[in-house]
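Text of the file query-v9.cif, holding mmCIF, C-alpha atoms:
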data_input
loop_
_atom_site.label_atom_id
_atom_site.label_comp_id
_atom_site.auth_asym_id
_atom_site.auth_seq_id
_atom_site.Cartn_x
_atom_site.Cartn_y
_atom_site.Cartn_z
CA MET A 1 45.80 15.19 127.12
CA PHE A 2 47.77 12.99 124.77
CA SER A 3 51.45 13.92 125.19
CA SER A 4 53.64 11.96 127.56
CA LEU A 5 54.93 15.09 129.33
CA GLN A 6 52.85 17.62 131.22
CA VAL A 7 53.44 21.31 131.90
CA VAL A 8 51.49 23.67 134.13
CA VAL A 9 50.54 27.05 132.70
CA GLY A 10 49.49 29.33 135.53
CA GLY A 11 47.80 26.48 137.36
CA VAL A 12 46.31 24.86 134.23
CA ALA A 13 47.75 21.41 133.55
CA VAL A 14 48.50 20.80 129.87
CA GLY A 15 49.45 17.43 128.47
CA GLY A 16 49.73 14.03 130.09
CA SER A 17 46.36 13.04 131.53
CA ALA A 18 44.96 16.59 131.58
CA PRO A 19 41.85 17.49 129.53
CA VAL A 20 42.39 19.36 126.27
CA ALA A 21 42.56 23.07 127.12
CA VAL A 22 40.82 25.67 124.96
CA GLN A 23 42.49 28.99 124.43
CA SER A 24 41.97 32.09 122.36
CA MET A 25 43.72 35.40 121.76
CA THR A 26 42.44 38.90 122.43
CA ASN A 27 42.18 41.23 119.46
CA SER A 28 42.02 44.45 121.47
CA ARG A 29 45.04 46.69 121.85
CA THR A 30 46.77 45.07 124.79
CA HIS A 31 47.63 48.43 126.36
CA ASP A 32 43.87 49.18 126.50
CA VAL A 33 43.47 47.35 129.79
CA PRO A 34 39.68 47.69 130.25
CA ALA A 35 38.97 46.45 126.72
CA THR A 36 41.47 43.60 127.02
CA LEU A 37 40.18 42.51 130.42
CA GLY A 38 36.64 42.64 129.05
CA GLN A 39 37.57 40.25 126.26
CA ILE A 40 39.43 37.91 128.61
CA ARG A 41 36.46 37.74 130.99
CA ALA A 42 34.11 36.99 128.10
CA MET A 43 36.50 34.27 126.93
CA ALA A 44 36.54 32.74 130.41
CA THR A 45 32.74 32.72 130.55
CA ALA A 46 32.62 31.01 127.14
CA GLY A 47 34.86 28.18 128.33
CA ALA A 48 38.48 29.18 127.67
CA ALA A 49 41.17 27.88 130.01
CA LEU A 50 44.00 30.11 128.74
CA ALA A 51 44.22 33.54 127.11
CA ARG A 52 46.94 34.90 124.83
CA VAL A 53 47.67 38.60 124.31
CA ALA A 54 49.87 40.28 121.72
CA VAL A 55 52.90 42.10 123.10
CA PRO A 56 54.26 44.15 120.19
CA ASN A 57 55.69 47.07 122.14
CA GLN A 58 56.58 48.57 125.51
CA ALA A 59 53.06 49.94 126.05
CA ALA A 60 51.73 46.39 125.97
CA VAL A 61 54.41 45.27 128.44
CA GLU A 62 53.45 48.02 130.85
CA ALA A 63 49.84 46.82 130.80
CA LEU A 64 50.75 43.24 131.72
CA PRO A 65 51.05 43.53 135.53
CA ARG A 66 47.47 44.74 135.87
CA LEU A 67 46.23 42.27 133.27
CA VAL A 68 47.93 39.40 135.10
CA ARG A 69 46.54 40.60 138.42
CA GLU A 70 42.93 40.96 137.28
CA SER A 71 42.62 38.30 134.59
CA PRO A 72 40.44 35.27 135.43
CA LEU A 73 42.65 33.19 133.11
CA PRO A 74 46.40 32.52 132.97
CA LEU A 75 47.95 34.82 130.36
CA ILE A 76 50.35 33.93 127.57
CA ALA A 77 52.34 36.72 125.89
CA ASP A 78 52.69 36.45 122.12
CA ILE A 79 56.12 37.71 121.04
CA HIS A 80 57.80 38.16 117.69
CA PHE A 81 61.30 39.44 116.84
CA ASP A 82 62.19 41.33 120.04
CA HIS A 83 63.51 39.07 122.80
CA ARG A 84 63.43 41.98 125.24
CA LEU A 85 59.64 42.00 125.08
CA ALA A 86 59.60 38.29 125.95
CA VAL A 87 61.90 38.80 128.93
CA ALA A 88 59.89 41.79 130.18
CA SER A 89 56.62 39.88 129.77
CA VAL A 90 57.88 37.00 131.88
CA VAL A 91 59.13 39.38 134.55
CA SER A 92 55.67 41.00 134.52
CA GLY A 93 54.14 37.72 135.61
CA VAL A 94 52.64 36.06 132.53
CA ALA A 95 52.27 32.29 132.80
CA GLY A 96 53.87 31.65 129.44
CA VAL A 97 55.30 33.16 126.28
CA ARG A 98 54.87 32.14 122.69
CA ILE A 99 58.00 32.66 120.64
CA ASN A 100 59.59 31.39 117.46
CA PRO A 101 63.25 31.04 118.49
CA GLY A 102 64.23 31.34 114.85
CA ASN A 103 63.08 34.97 114.61
CA ILE A 104 64.16 36.16 118.09
CA GLY A 105 67.71 36.94 116.99
CA GLY A 106 70.19 34.18 117.79
CA VAL A 107 71.10 31.81 120.58
CA GLU A 108 72.27 34.45 123.06
CA ARG A 109 68.95 36.24 122.91
CA VAL A 110 67.10 32.96 123.24
CA ARG A 111 69.29 32.23 126.26
CA GLU A 112 68.03 35.42 127.93
CA VAL A 113 64.41 34.41 127.37
CA VAL A 114 65.12 30.94 128.73
CA ALA A 115 66.81 32.37 131.83
CA ALA A 116 63.82 34.61 132.56
CA ALA A 117 61.31 31.82 131.98
CA GLY A 118 63.24 29.49 134.24
CA ALA A 119 63.48 32.06 137.01
CA HIS A 120 59.75 32.83 136.90
CA ASN A 121 58.45 29.32 136.17
CA ALA A 122 56.95 30.38 132.85
CA VAL A 123 56.20 27.96 130.03
CA ILE A 124 57.63 28.65 126.58
CA ARG A 125 55.59 27.66 123.55
CA VAL A 126 57.71 27.10 120.50
CA GLY A 127 55.39 28.31 117.76
CA VAL A 128 56.24 27.66 114.11
CA ASN A 129 54.04 28.84 111.26
CA SER A 130 54.46 28.21 107.56
CA GLY A 131 55.28 31.90 107.11
CA SER A 132 58.19 31.88 109.56
CA LEU A 133 60.41 29.01 108.39
CA GLU A 134 64.20 29.27 108.29
CA ARG A 135 65.64 30.12 104.90
CA ASP A 136 67.46 26.83 104.52
CA LEU A 137 64.15 24.98 104.86
CA ARG A 138 62.52 26.74 101.91
CA GLY A 139 63.58 24.02 99.48
CA LEU A 140 62.14 21.31 101.72
CA GLU A 141 59.00 23.36 102.12
CA GLU A 142 58.44 23.32 98.36
CA ARG A 143 58.77 19.52 98.30
CA ASP A 144 57.11 18.67 101.61
CA PRO A 145 55.56 21.58 103.58
CA ALA A 146 54.62 19.42 106.57
CA ALA A 147 58.13 18.02 106.93
CA ALA A 148 59.58 21.53 106.82
CA LEU A 149 57.26 22.69 109.61
CA ALA A 150 58.12 19.70 111.77
CA GLU A 151 61.85 20.07 111.15
CA SER A 152 61.78 23.73 112.14
CA ALA A 153 59.99 22.88 115.38
CA ARG A 154 62.44 20.08 116.17
CA ARG A 155 65.41 22.41 115.63
CA ASN A 156 63.98 25.08 117.87
CA VAL A 157 63.08 22.60 120.60
CA ALA A 158 66.60 21.14 120.43
CA GLN A 159 68.04 24.62 120.91
CA LEU A 160 66.03 25.12 124.09
CA GLU A 161 66.92 21.65 125.32
CA ASP A 162 70.61 22.44 124.75
CA LEU A 163 70.09 25.44 127.02
CA GLY A 164 68.65 23.15 129.68
CA PHE A 165 65.03 24.25 129.27
CA THR A 166 62.23 21.70 128.91
CA ASN A 167 59.19 23.52 130.31
CA LEU A 168 57.79 23.55 126.80
CA LYS A 169 54.76 23.38 124.57
CA VAL A 170 55.10 23.12 120.79
CA SER A 171 52.91 24.15 117.86
CA VAL A 172 53.21 23.88 114.10
CA LYS A 173 50.48 25.60 112.12
CA SER A 174 49.58 26.16 108.50
CA SER A 175 46.56 27.71 106.84
CA SER A 176 46.18 24.31 105.16
CA PRO A 177 44.43 21.71 107.32
CA VAL A 178 46.17 18.96 105.31
CA PHE A 179 49.66 20.28 106.06
CA THR A 180 48.73 21.01 109.67
CA ILE A 181 47.57 17.43 110.19
CA ALA A 182 50.64 15.93 108.54
CA ALA A 183 53.11 18.14 110.45
CA ASN A 184 51.56 17.39 113.82
CA ARG A 185 51.56 13.68 113.12
CA LEU A 186 55.31 13.91 112.58
CA LEU A 187 55.83 15.92 115.76
CA ALA A 188 53.68 13.62 117.88
CA LYS A 189 56.07 10.79 117.01
CA ALA A 190 59.23 12.86 117.48
CA LEU A 191 58.59 14.91 120.65
CA PRO A 192 57.15 14.16 124.10
CA TYR A 193 56.04 17.75 124.79
CA PRO A 194 52.43 18.95 124.80
CA LEU A 195 51.21 20.04 121.38
CA HIS A 196 49.08 23.11 120.78
CA LEU A 197 46.82 22.67 117.74
CA GLY A 198 45.34 25.15 115.33
CA VAL A 199 44.87 25.99 111.68
CA THR A 200 46.38 29.44 111.39
CA GLU A 201 44.66 32.20 109.45
CA ALA A 202 41.72 29.84 109.05
CA GLY A 203 39.34 32.56 107.83
CA THR A 204 35.93 33.95 108.66
CA PRO A 205 33.63 32.23 111.17
CA TRP A 206 32.09 30.14 108.39
CA THR A 207 35.16 28.96 106.48
CA GLY A 208 37.46 29.10 109.50
CA SER A 209 35.21 26.91 111.61
CA ILE A 210 35.10 24.25 108.92
CA ARG A 211 38.84 24.27 108.30
CA SER A 212 39.57 24.18 112.02
CA ALA A 213 37.12 21.35 112.62
CA VAL A 214 38.84 19.34 109.89
CA GLY A 215 42.42 20.08 110.93
CA VAL A 216 42.07 20.10 114.70
CA GLY A 217 39.33 17.48 114.87
CA ALA A 218 41.22 14.94 112.78
CA LEU A 219 44.27 15.19 115.05
CA LEU A 220 42.29 15.03 118.28
CA ALA A 221 40.46 11.96 116.99
CA GLU A 222 43.86 10.31 116.57
CA GLY A 223 44.91 11.18 120.11
CA ILE A 224 47.13 14.11 119.13
CA GLY A 225 46.87 17.52 120.79
CA ASP A 226 46.75 19.00 124.28
CA THR A 227 45.55 22.59 123.74
CA ILE A 228 43.62 24.05 120.83
CA ARG A 229 42.77 27.39 119.33
CA VAL A 230 40.29 28.01 116.53
CA SER A 231 41.64 31.05 114.66
CA LEU A 232 38.77 33.09 113.23
CA THR A 233 38.56 36.59 111.82
CA GLY A 234 36.32 38.21 114.41
CA ASP A 235 35.17 37.83 117.99
CA PRO A 236 37.45 35.62 120.17
CA VAL A 237 34.39 34.31 121.98
CA GLU A 238 33.22 32.71 118.74
CA GLU A 239 36.57 30.93 118.55
CA ILE A 240 35.94 29.38 121.94
CA ARG A 241 32.39 28.34 121.10
CA VAL A 242 33.64 26.51 118.00
CA ALA A 243 36.57 24.95 119.86
CA CYS A 244 34.30 23.66 122.62
CA GLU A 245 31.90 22.21 120.06
CA ILE A 246 34.78 20.36 118.36
CA LEU A 247 35.73 18.87 121.72
CA ARG A 248 32.14 17.93 122.56
CA SER A 249 31.74 16.27 119.17
CA LEU A 250 34.67 14.00 120.05
CA ASN A 251 33.47 13.39 123.63
CA LEU A 252 36.54 15.25 124.90
CA LEU A 253 34.54 17.88 126.78
CA LYS A 254 31.86 17.23 129.35
CA GLY A 255 29.02 19.57 130.12
CA GLY A 256 27.26 22.22 128.07
CA PRO A 257 24.35 22.23 125.66
CA ARG A 258 24.18 20.27 122.42
CA LEU A 259 21.68 21.08 119.69
CA VAL A 260 20.44 18.44 117.26
CA SER A 261 18.30 19.65 114.37
CA CYS A 262 17.13 17.90 111.23
CA PRO A 263 18.08 19.23 107.77
CA THR A 264 14.40 19.61 106.71
CA CYS A 265 12.70 17.91 103.79
CA GLY A 266 9.44 18.04 101.89
CA ARG A 267 7.52 16.91 104.97
CA THR A 268 8.53 20.01 106.96
CA GLU A 269 5.55 22.27 107.64
CA VAL A 270 7.03 24.75 110.12
CA ASP A 271 9.74 27.40 109.86
CA LEU A 272 12.37 25.03 111.18
CA GLU A 273 15.36 27.22 110.39
CA ARG A 274 13.93 30.02 112.52
CA LEU A 275 13.02 27.65 115.34
CA ALA A 276 16.47 26.03 115.40
CA ALA A 277 18.22 29.42 115.40
CA GLU A 278 16.06 30.65 118.27
CA VAL A 279 16.67 27.51 120.30
CA GLU A 280 20.41 27.74 119.66
CA ALA A 281 20.50 31.38 120.80
CA ARG A 282 18.60 30.62 123.99
CA LEU A 283 20.77 27.60 124.72
CA ALA A 284 23.83 29.86 124.55
CA ARG A 285 22.33 31.94 127.37
CA LEU A 286 21.49 28.94 129.51
CA GLU A 287 23.70 28.76 132.58
CA LEU A 288 24.61 25.11 133.06
CA GLY A 289 26.73 23.62 135.81
CA PRO A 290 30.33 22.55 135.02
CA GLU A 291 29.36 18.92 134.38
CA GLU A 292 25.72 19.50 133.38
CA GLU A 293 24.93 18.22 129.90
CA LEU A 294 21.80 18.96 127.94
CA GLU A 295 20.86 17.70 124.48
CA ILE A 296 18.03 19.49 122.69
CA ALA A 297 16.47 18.35 119.41
CA VAL A 298 14.61 20.51 116.90
CA MET A 299 12.83 18.31 114.37
CA GLY A 300 10.68 19.28 111.43
CA CYS A 301 8.34 16.29 111.32
CA ILE A 302 5.75 15.66 113.98
CA VAL A 303 5.53 11.98 113.02
CA ASN A 304 9.22 10.98 113.06
CA GLY A 305 10.72 13.77 115.15
CA PRO A 306 10.57 12.34 118.67
CA GLY A 307 11.55 8.89 117.42
CA GLU A 308 14.61 10.06 115.52
CA ALA A 309 15.68 12.23 118.45
CA ARG A 310 14.68 9.84 121.22
CA LYS A 311 18.07 10.14 122.95
CA ALA A 312 17.71 13.90 123.35
CA ASP A 313 16.79 15.23 126.79
CA PHE A 314 14.17 17.58 125.35
CA GLY A 315 12.98 18.67 121.95
CA ILE A 316 10.31 19.97 119.68
CA ALA A 317 8.82 18.45 116.55
CA GLY A 318 6.81 20.57 114.18
CA GLY A 319 3.60 19.94 112.30
CA ARG A 320 1.33 22.22 110.29
CA GLY A 321 1.16 25.39 112.38
CA GLU A 322 1.79 23.49 115.58
CA GLY A 323 4.12 20.98 117.17
CA VAL A 324 4.86 18.85 120.17
CA VAL A 325 7.29 19.38 123.00
CA PHE A 326 8.89 16.10 124.04
CA ALA A 327 11.15 14.88 126.83
CA GLN A 328 13.22 11.68 126.71
CA GLY A 329 11.55 10.80 123.41
CA ARG A 330 8.00 11.06 124.80
CA PRO A 331 5.50 13.81 123.82
CA VAL A 332 4.67 16.14 126.70
CA LYS A 333 2.36 18.71 125.15
CA LYS A 334 1.06 19.97 121.81
CA VAL A 335 1.23 23.75 121.25
CA PRO A 336 0.93 26.30 118.40
CA GLU A 337 4.10 26.92 116.40
CA ASP A 338 4.62 30.42 117.80
CA ARG A 339 4.76 29.00 121.35
CA LEU A 340 6.99 26.00 120.70
CA VAL A 341 10.27 27.53 121.85
CA ASP A 342 8.81 29.16 124.94
CA GLU A 343 7.07 25.95 125.99
CA LEU A 344 10.24 23.95 125.32
CA PHE A 345 12.31 26.12 127.62
CA ALA A 346 9.57 26.20 130.24
CA GLU A 347 9.70 22.41 130.29
CA ILE A 348 13.51 22.48 130.52
CA ALA A 349 13.40 25.02 133.37
CA ALA A 350 10.84 22.97 135.31
CA ALA A 351 12.87 19.79 134.96
CA ARG A 352 16.10 21.49 135.99
CA ALA A 353 14.40 23.12 138.96
CA ARG A 354 13.22 19.69 140.12
CA ARG A 355 16.84 18.50 139.91
CA GLY A 356 18.18 21.70 141.47
CA GLY A 357 19.88 22.76 138.25
CA GLY A 358 18.65 26.36 138.04
CA SER A 359 16.81 28.05 135.19
CA GLU A 360 17.42 30.04 132.03
#
Now, as a test, write the supplied structure out as structure tokens.
Amino acid sequence: MFSSLQVVVGGVAVGGSAPVAVQSMTNSRTHDVPATLGQIRAMATAGAALARVAVPNQAAVEALPRLVRESPLPLIADIHFDHRLAVASVVSGVAGVRINPGNIGGVERVREVVAAAGAHNAVIRVGVNSGSLERDLRGLEERDPAAALAESARRNVAQLEDLGFTNLKVSVKSSSPVFTIAANRLLAKALPYPLHLGVTEAGTPWTGSIRSAVGVGALLAEGIGDTIRVSLTGDPVEEIRVACEILRSLNLLKGGPRLVSCPTCGRTEVDLERLAAEVEARLARLELGPEEELEIAVMGCIVNGPGEARKADFGIAGGRGEGVVFAQGRPVKKVPEDRLVDELFAEIAAARARRGGGSE
């Protein structure tokens, strides 16, 4: 979205005026085609635009033709150390490869990857992590980790440019959001290529989501970044849900549900945590159109709830053992607490049916 140059990854425009693209990476064994395709399809349903698969061996390479053929998303092969795997992946039809030229084995091997990518119109992502820096940058890393990451990326990009290849994306990642932000700021000034953002090894869904929101969100808010991945220990679909929410929070993604819920206080007289969790779960199952937006509020106070959430499309506000369902800030009906969620979604379904928007 924010880089001056644009590349096309299997039909998905990245950079320039294109929207920020969400991607994730499968954690199945790539050679297990049914399991890998299952994850990719779930990622596509959740909102991913691109999917990355690990290619650590020949068995993974042999699975790529079928994966490419049946995947609903363009595939990117993730390669380390063995340039032959990168070449074979490109020949198998992947839309792009992620490599670190510094650990592929020298300029001649990089040249082979470049030749294959050029012949098959594949995009190369130069991916530099804090754990894969060149030895001569270790001293700089101790003094300025962000500068070392950016310098490594610049070197590797220059090598590809010297070989006549510019169909590039670039990423610099650290497990530290602070270093990730600083390194990408440097790169955004130095390079015109699309930047892929992420905080690597961010952690579990709880800690990783927070670190990613800080690192990725801060950069996107500054106009830096063209694709993103939220790296979490667990289900790739959860990565996409978090990534999409980061984009929605910055008004960089249209469509989808948005939940607003109050933090509770001494006035709360319903089980608001349970209600909010149930609404969130049902919203995740709601099939919305590509541009259809829906904001739902769950408020704990029957007096202030609708007023504080008056911009929400629909909502509920609890009282003692009961609550009101409201639409556009206006109360619609009062119902017992145990029926609040059902009545809320019945009201949503009726309104969407009147607009032709389907149902839950």
To test your reading of the syntax: which residues would the PyMOL selection byres ((chain A and resi 58-65) around 8) return for the file shown? Reply as a PyMOL selection string.
chain A and resi 29-33+54-57+66-69+85+88-89+92-94
Please enclose the listed atoms of range 238-242 of chain A in an axis-aligned box, pad each side by 8 Å, and write out the centre and the three edge lengths in Å, rounded to one decimal, as JSON.
{"center_x": 34.5, "center_y": 29.6, "center_z": 120.0, "size_x": 20.2, "size_y": 22.2, "size_z": 19.9}
Once the PyMOL selection byres ((chain A and resi 7-11) around 10) is applied to the coordinates I shared, what remains selected? I want it as a ChimeraX atom specification.
/A:5-6,12-16,18,49-50,73-76,93-96,121-124,166-169,193-194
With a distance cut-off of 10 Å and only C-alpha atoms, select the neighbouring residues of Ala148 in chain A, excluding the residue or stretch itself and same-chain residues fewer than 2 positions from it, and output the selection as a list of chain:residue names.
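The neighbour list is A:Ser130, A:Leu133, A:Glu134, A:Asp136, A:Leu137, A:Arg138, A:Gly139, A:Leu140, A:Glu141, A:Glu142, A:Arg143, A:Asp144, A:Pro145, A:Ala146, A:Ala150, A:Glu151, A:Ser152, A:Ala153, A:Arg154, A:Val172, A:Ala183.
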C-alpha atoms of the current selection, written as a compact mmCIF listing (two decimals), keeping the file's coordinate frame:
# COMPACT_ATOMS: atom_id res chain seq x y z
CA SER A 130 54.46 28.21 107.56
CA LEU A 133 60.41 29.01 108.39
CA GLU A 134 64.20 29.27 108.29
CA ASP A 136 67.46 26.83 104.52
CA LEU A 137 64.15 24.98 104.86
CA ARG A 138 62.52 26.74 101.91
CA GLY A 139 63.58 24.02 99.48
CA LEU A 140 62.14 21.31 101.72
CA GLU A 141 59.00 23.36 102.12
CA GLU A 142 58.44 23.32 98.36
CA ARG A 143 58.77 19.52 98.30
CA ASP A 144 57.11 18.67 101.61
CA PRO A 145 55.56 21.58 103.58
CA ALA A 146 54.62 19.42 106.57
CA ALA A 150 58.12 19.70 111.77
CA GLU A 151 61.85 20.07 111.15
CA SER A 152 61.78 23.73 112.14
CA ALA A 153 59.99 22.88 115.38
CA ARG A 154 62.44 20.08 116.17
CA VAL A 172 53.21 23.88 114.10
CA ALA A 183 53.11 18.14 110.45
Select, from A:Gly323, A:Gly223, A:Pro192, A:Pro263, the residue with the minimum atom-to-atom distance to Leu344 in chain A, counting all atoms listed in the file.
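Answer, going by the shortest atom-to-atom distance: A:Gly323.
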Choose the residue, out of A:Leu163, A:Leu197, A:Val270, A:Ala277, that has the smallest atom-to-atom separation from Ala243 in chain A; count all atoms listed in the file.
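Smallest distance to Ala243 in chain A is found for A:Leu197.
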If you count all atoms listed in the file, which residues fall within 12 Å of Ala281 in chain A, apart from same-chain ones fewer than 6 positions away, as a ChimeraX atom specification?
/A:257-259,274-275,341,345,360
In Å, how far is it from CA of Ser176 in chain A to CA of Thr200 in chain A?
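Here the two named atoms are 8.1 Å from each other.
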Carefully work through the PyMOL selection byres ((chain A and resi 276) around 10) for this structure and note down the residues it includes, as a PDB file with C-alpha atoms, keeping the file's coordinate frame.
ATOM      1  CA  LEU A 259      21.680  21.080 119.690  1.00  0.00           C
ATOM      2  CA  VAL A 260      20.440  18.440 117.260  1.00  0.00           C
ATOM      3  CA  SER A 261      18.300  19.650 114.370  1.00  0.00           C
ATOM      4  CA  CYS A 262      17.130  17.900 111.230  1.00  0.00           C
ATOM      5  CA  ASP A 271       9.740  27.400 109.860  1.00  0.00           C
ATOM      6  CA  LEU A 272      12.370  25.030 111.180  1.00  0.00           C
ATOM      7  CA  GLU A 273      15.360  27.220 110.390  1.00  0.00           C
ATOM      8  CA  ARG A 274      13.930  30.020 112.520  1.00  0.00           C
ATOM      9  CA  LEU A 275      13.020  27.650 115.340  1.00  0.00           C
ATOM     10  CA  ALA A 277      18.220  29.420 115.400  1.00  0.00           C
ATOM     11  CA  GLU A 278      16.060  30.650 118.270  1.00  0.00           C
ATOM     12  CA  VAL A 279      16.670  27.510 120.300  1.00  0.00           C
ATOM     13  CA  GLU A 280      20.410  27.740 119.660  1.00  0.00           C
ATOM     14  CA  ALA A 281      20.500  31.380 120.800  1.00  0.00           C
ATOM     15  CA  ARG A 282      18.600  30.620 123.990  1.00  0.00           C
ATOM     16  CA  ILE A 296      18.030  19.490 122.690  1.00  0.00           C
ATOM     17  CA  ALA A 297      16.470  18.350 119.410  1.00  0.00           C
ATOM     18  CA  VAL A 298      14.610  20.510 116.900  1.00  0.00           C
ATOM     19  CA  MET A 299      12.830  18.310 114.370  1.00  0.00           C
ATOM     20  CA  GLY A 300      10.680  19.280 111.430  1.00  0.00           C
ATOM     21  CA  ILE A 316      10.310  19.970 119.680  1.00  0.00           C
ATOM     22  CA  VAL A 341      10.270  27.530 121.850  1.00  0.00           C
TER      23      VAL A 341
END
Between A:Trp206, A:Phe81, A:Phe179, A:Phe326, smallest distance to Val230 in chain A by all atoms listed in the file belongs to A:Trp206
Measure the distance from CA of Glu239 in chain A to CA of His80 in chain A in Å and round it to one decimal.
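So the two atoms, CA of Glu239 in chain A and CA of His80 in chain A, lie 22.4 Å apart.
Minimum atom-to-atom distance to Gln39 in chain A, evaluated using all atoms listed in the file, belongs to A:Pro72 out of A:Gly203, A:Pro72, A:Pro19, A:Gly131.
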Quick one: distance from CA of Ala317 in chain A to CA of Gly266 in chain A in Å, one decimal?
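Distance between the two atoms: 14.7 Å.
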At a cut-off of 12 Å around the point (68.7, 23.9, 128.9) (file coordinates), what residues fall inside when counting only C-alpha atoms? I'd like the answer as a list in words.
Val107, Val110, Arg111, Glu112, Val113, Val114, Ala115, Ala117, Gly118, Val157, Ala158, Gln159, Leu160, Glu161, Asp162, Leu163, Gly164, Phe165, Thr166, Asn167 and Leu168 of chain A
With distances taken over only C-alpha atoms, which residue among A:Lys311, A:Arg248, A:His196, A:Lys333 lies nearest Glu347 in chain A?
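Ranking A:Lys311, A:Arg248, A:His196, A:Lys333 by distance to Glu347 in chain A, first place goes to A:Lys333.
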Pick from A:Ser209, A:Ser175, A:Thr180, A:Asn100: nearest to Glu238 in chain A, with only C-alpha atoms counted?
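The answer is A:Ser209, which sits nearest to Glu238 in chain A.
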Contact residues around range 217-220 of chain A with only C-alpha atoms at 12 Å, ignoring same-chain residues under 6 positions, as a PyMOL selection string
chain A and resi 1-3+19-21+177-188+195-199+209-211+226-230+242-253
Taking (40.8, 35.9, 124.3) in the file's coordinates as the center, which residues reach within 6 Å of it, counting all atoms listed in the file, put as JSON, numbers by chain?
{"A": [24, 25, 26, 39, 40, 43, 51, 236]}
Produce range 231-243 of chain A of the given structure as output with N, CA, C and O atoms, as a JSON list (two decimals), in the first residue's frame.
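Result file follows (out_7.json):
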[["chain", "number", "residue", "atom", "x", "y", "z"],
["A", 231, "SER", "N", 2.77, -13.43, 13.70],
["A", 231, "SER", "CA", 3.38, -14.74, 13.98],
["A", 231, "SER", "C", 3.01, -15.20, 15.39],
["A", 231, "SER", "O", 3.51, -14.65, 16.38],
["A", 232, "LEU", "N", 2.15, -16.20, 15.47],
["A", 232, "LEU", "CA", 1.69, -16.71, 16.75],
["A", 232, "LEU", "C", 2.00, -18.19, 16.87],
["A", 232, "LEU", "O", 1.99, -18.92, 15.87],
["A", 233, "THR", "N", 2.23, -18.65, 18.08],
["A", 233, "THR", "CA", 2.42, -20.07, 18.33],
["A", 233, "THR", "C", 1.04, -20.72, 18.39],
["A", 233, "THR", "O", 0.34, -20.62, 19.39],
["A", 234, "GLY", "N", 0.65, -21.36, 17.27],
["A", 234, "GLY", "CA", -0.67, -21.97, 17.26],
["A", 234, "GLY", "C", -1.31, -21.96, 15.89],
["A", 234, "GLY", "O", -0.64, -22.03, 14.87],
["A", 235, "ASP", "N", -2.62, -21.84, 15.87],
["A", 235, "ASP", "CA", -3.42, -21.96, 14.67],
["A", 235, "ASP", "C", -3.18, -20.77, 13.73],
["A", 235, "ASP", "O", -3.34, -19.62, 14.13],
["A", 236, "PRO", "N", -2.81, -21.01, 12.45],
["A", 236, "PRO", "CA", -2.62, -19.90, 11.51],
["A", 236, "PRO", "C", -3.86, -19.04, 11.33],
["A", 236, "PRO", "O", -3.74, -17.84, 11.04],
["A", 237, "VAL", "N", -5.02, -19.62, 11.47],
["A", 237, "VAL", "CA", -6.25, -18.84, 11.32],
["A", 237, "VAL", "C", -6.32, -17.73, 12.36],
["A", 237, "VAL", "O", -6.79, -16.62, 12.08],
["A", 238, "GLU", "N", -5.85, -18.01, 13.56],
["A", 238, "GLU", "CA", -5.84, -16.98, 14.60],
["A", 238, "GLU", "C", -4.91, -15.84, 14.21],
["A", 238, "GLU", "O", -5.18, -14.67, 14.49],
["A", 239, "GLU", "N", -3.81, -16.15, 13.52],
["A", 239, "GLU", "CA", -2.92, -15.11, 13.03],
["A", 239, "GLU", "C", -3.67, -14.15, 12.11],
["A", 239, "GLU", "O", -3.50, -12.92, 12.18],
["A", 240, "ILE", "N", -4.49, -14.71, 11.24],
["A", 240, "ILE", "CA", -5.20, -13.90, 10.26],
["A", 240, "ILE", "C", -6.27, -13.06, 10.95],
["A", 240, "ILE", "O", -6.47, -11.88, 10.62],
["A", 241, "ARG", "N", -6.96, -13.62, 11.92],
["A", 241, "ARG", "CA", -7.97, -12.87, 12.65],
["A", 241, "ARG", "C", -7.36, -11.65, 13.32],
["A", 241, "ARG", "O", -7.90, -10.54, 13.28],
["A", 242, "VAL", "N", -6.19, -11.85, 13.94],
["A", 242, "VAL", "CA", -5.52, -10.73, 14.62],
["A", 242, "VAL", "C", -5.03, -9.71, 13.60],
["A", 242, "VAL", "O", -5.18, -8.49, 13.79],
["A", 243, "ALA", "N", -4.45, -10.19, 12.51],
["A", 243, "ALA", "CA", -3.95, -9.28, 11.47],
["A", 243, "ALA", "C", -5.08, -8.43, 10.90],
["A", 243, "ALA", "O", -4.93, -7.20, 10.71]]
